[in-house]
Amino acid sequence: AAEATALGELVVLPVVVLVSFLAQPRIQYAMAVDGLVPALFGVVDGRGNLAQSILYSGAVCVVLALLVPFDALADVISAGVLLCFNLTNASLLVIRLQDALMPTGGDASSSDGAEDSNELCRLKLLLGAYSA
């Protein structure tokens, strides 16, 4: 089983790194537009590319690859992917439950929100949205 896991990680890890590296400049651009990171990550050249952001994120990835041992990188990347999948799935559950429990008549924003349904309360408690 250890050999199969190592082989699977060897095949999947480069793909995960490549996909996250390709998306990083666009994520940094969106964050720069929102003011969460410096504006230099939001600079778009005349052809619509994020050249500066690509260079900065690439430089950080190269430095990390040179300085951090591969085993540590693999563990952190695997944990990060697992965390992202779990957060995405939990968000989807919350959205679907809120949509299913939202009143169908009238304006949903006019309700005072004082009473959540039992199912939504249980989900919020489970996710730590508020304590009992």
# chains A, B, ... in the order shown; residues from 1 in each chain; ligands from 1
$ select_by_dssp --residues "region 29-117 of chain A" --states "alpha helix (DSSP H)" --output "short mmCIF file (atom, residue, chain, number, x, y, z; two decimals) with N, CA and C atoms, in the first residue's frame"
data_model
loop_
_atom_site.label_atom_id
_atom_site.label_comp_id
_atom_site.auth_asym_id
_atom_site.auth_seq_id
_atom_site.Cartn_x
_atom_site.Cartn_y
_atom_site.Cartn_z
N TYR A 29 -4.45 38.83 -8.94
CA TYR A 29 -5.09 39.97 -9.60
C TYR A 29 -6.41 40.33 -8.91
N ALA A 30 -7.23 39.32 -8.65
CA ALA A 30 -8.51 39.56 -7.99
C ALA A 30 -8.30 40.14 -6.59
N MET A 31 -7.30 39.64 -5.89
CA MET A 31 -7.01 40.17 -4.56
C MET A 31 -6.48 41.59 -4.62
N ALA A 32 -5.69 41.91 -5.67
CA ALA A 32 -5.18 43.27 -5.83
C ALA A 32 -6.31 44.24 -6.15
N VAL A 33 -7.27 43.80 -6.96
CA VAL A 33 -8.42 44.64 -7.27
C VAL A 33 -9.22 44.93 -6.00
N ALA A 51 1.86 39.92 -16.50
CA ALA A 51 3.27 39.56 -16.57
C ALA A 51 3.99 39.74 -15.23
N GLN A 52 3.76 40.88 -14.56
CA GLN A 52 4.45 41.11 -13.29
C GLN A 52 4.03 40.08 -12.24
N SER A 53 2.76 39.80 -12.16
CA SER A 53 2.26 38.84 -11.18
C SER A 53 2.81 37.45 -11.46
N ILE A 54 2.92 37.09 -12.75
CA ILE A 54 3.48 35.80 -13.12
C ILE A 54 4.93 35.70 -12.67
N LEU A 55 5.70 36.77 -12.89
CA LEU A 55 7.11 36.76 -12.49
C LEU A 55 7.27 36.69 -10.98
N TYR A 56 6.45 37.44 -10.24
CA TYR A 56 6.56 37.42 -8.78
C TYR A 56 6.18 36.06 -8.20
N SER A 57 5.06 35.50 -8.64
CA SER A 57 4.65 34.21 -8.11
C SER A 57 5.62 33.11 -8.55
N GLY A 58 6.15 33.22 -9.77
CA GLY A 58 7.15 32.25 -10.23
C GLY A 58 8.42 32.31 -9.40
N ALA A 59 8.86 33.53 -9.08
CA ALA A 59 10.08 33.68 -8.27
C ALA A 59 9.88 33.08 -6.88
N VAL A 60 8.72 33.31 -6.28
CA VAL A 60 8.45 32.73 -4.95
C VAL A 60 8.45 31.21 -5.03
N CYS A 61 7.83 30.65 -6.06
CA CYS A 61 7.80 29.19 -6.21
C CYS A 61 9.20 28.62 -6.41
N VAL A 62 10.04 29.30 -7.18
CA VAL A 62 11.41 28.83 -7.40
C VAL A 62 12.21 28.86 -6.10
N VAL A 63 12.07 29.94 -5.35
CA VAL A 63 12.79 30.04 -4.08
C VAL A 63 12.33 28.95 -3.12
N LEU A 64 11.01 28.73 -3.03
CA LEU A 64 10.52 27.66 -2.16
C LEU A 64 11.03 26.30 -2.61
N ALA A 65 11.04 26.05 -3.90
CA ALA A 65 11.51 24.76 -4.40
C ALA A 65 13.00 24.55 -4.11
N LEU A 66 13.76 25.63 -4.12
CA LEU A 66 15.20 25.51 -3.85
C LEU A 66 15.51 25.34 -2.37
N LEU A 67 14.71 25.96 -1.50
CA LEU A 67 15.06 26.01 -0.08
C LEU A 67 14.35 24.97 0.78
N PHE A 70 11.73 18.46 -0.46
CA PHE A 70 10.58 17.98 -1.23
C PHE A 70 9.53 17.32 -0.34
N ASP A 71 9.95 16.55 0.65
CA ASP A 71 8.99 15.88 1.53
C ASP A 71 8.10 16.89 2.26
N ALA A 72 8.71 17.96 2.72
CA ALA A 72 7.93 18.99 3.41
C ALA A 72 6.98 19.68 2.45
N LEU A 73 7.45 19.98 1.23
CA LEU A 73 6.58 20.60 0.23
C LEU A 73 5.40 19.70 -0.11
N ALA A 74 5.69 18.41 -0.28
CA ALA A 74 4.63 17.46 -0.63
C ALA A 74 3.58 17.39 0.47
N ASP A 75 4.01 17.38 1.71
CA ASP A 75 3.06 17.32 2.82
C ASP A 75 2.20 18.58 2.90
N VAL A 76 2.82 19.74 2.74
CA VAL A 76 2.09 21.00 2.82
C VAL A 76 1.11 21.12 1.66
N ILE A 77 1.54 20.74 0.47
CA ILE A 77 0.65 20.83 -0.70
C ILE A 77 -0.53 19.87 -0.54
N SER A 78 -0.27 18.66 -0.08
CA SER A 78 -1.35 17.70 0.12
C SER A 78 -2.34 18.19 1.18
N ALA A 79 -1.83 18.74 2.26
CA ALA A 79 -2.71 19.28 3.30
C ALA A 79 -3.51 20.47 2.78
N GLY A 80 -2.89 21.32 2.00
CA GLY A 80 -3.59 22.47 1.45
C GLY A 80 -4.70 22.08 0.50
N VAL A 81 -4.44 21.09 -0.35
CA VAL A 81 -5.47 20.61 -1.28
C VAL A 81 -6.62 19.99 -0.50
N LEU A 82 -6.32 19.20 0.50
CA LEU A 82 -7.36 18.58 1.32
C LEU A 82 -8.20 19.64 2.04
N LEU A 83 -7.55 20.65 2.58
CA LEU A 83 -8.27 21.73 3.25
C LEU A 83 -9.17 22.48 2.28
N CYS A 84 -8.67 22.76 1.09
CA CYS A 84 -9.48 23.48 0.08
C CYS A 84 -10.71 22.66 -0.32
N PHE A 85 -10.54 21.36 -0.54
CA PHE A 85 -11.68 20.53 -0.90
C PHE A 85 -12.71 20.50 0.23
N ASN A 86 -12.26 20.40 1.46
CA ASN A 86 -13.19 20.37 2.59
C ASN A 86 -13.92 21.69 2.75
N LEU A 87 -13.22 22.80 2.62
CA LEU A 87 -13.88 24.10 2.73
C LEU A 87 -14.87 24.33 1.60
N THR A 88 -14.52 23.89 0.40
CA THR A 88 -15.44 24.02 -0.73
C THR A 88 -16.69 23.20 -0.51
N ASN A 89 -16.54 21.97 -0.06
CA ASN A 89 -17.69 21.11 0.18
C ASN A 89 -18.57 21.65 1.32
N ALA A 90 -17.95 22.15 2.38
CA ALA A 90 -18.73 22.71 3.48
C ALA A 90 -19.50 23.96 3.01
N SER A 91 -18.86 24.79 2.20
CA SER A 91 -19.55 25.98 1.67
C SER A 91 -20.72 25.59 0.80
N LEU A 92 -20.54 24.56 0.00
CA LEU A 92 -21.62 24.10 -0.86
C LEU A 92 -22.80 23.58 -0.03
N LEU A 93 -22.51 22.88 1.06
CA LEU A 93 -23.59 22.42 1.94
C LEU A 93 -24.36 23.59 2.53
N VAL A 94 -23.64 24.60 2.99
CA VAL A 94 -24.30 25.76 3.58
C VAL A 94 -25.16 26.46 2.54
N ILE A 95 -24.64 26.66 1.34
CA ILE A 95 -25.40 27.34 0.29
C ILE A 95 -26.65 26.55 -0.08
N ARG A 96 -26.51 25.25 -0.24
CA ARG A 96 -27.66 24.44 -0.62
C ARG A 96 -28.71 24.41 0.48
N LEU A 97 -28.29 24.33 1.73
CA LEU A 97 -29.26 24.33 2.82
C LEU A 97 -29.95 25.69 2.94
N GLN A 98 -29.21 26.76 2.78
CA GLN A 98 -29.82 28.09 2.84
C GLN A 98 -30.81 28.28 1.71
N ASP A 99 -30.47 27.81 0.50
CA ASP A 99 -31.39 27.92 -0.62
C ASP A 99 -32.63 27.08 -0.41
N ALA A 100 -32.45 25.88 0.15
CA ALA A 100 -33.59 24.99 0.36
C ALA A 100 -34.50 25.49 1.47
N LEU A 101 -33.94 26.18 2.46
CA LEU A 101 -34.74 26.61 3.62
C LEU A 101 -35.23 28.05 3.51
#
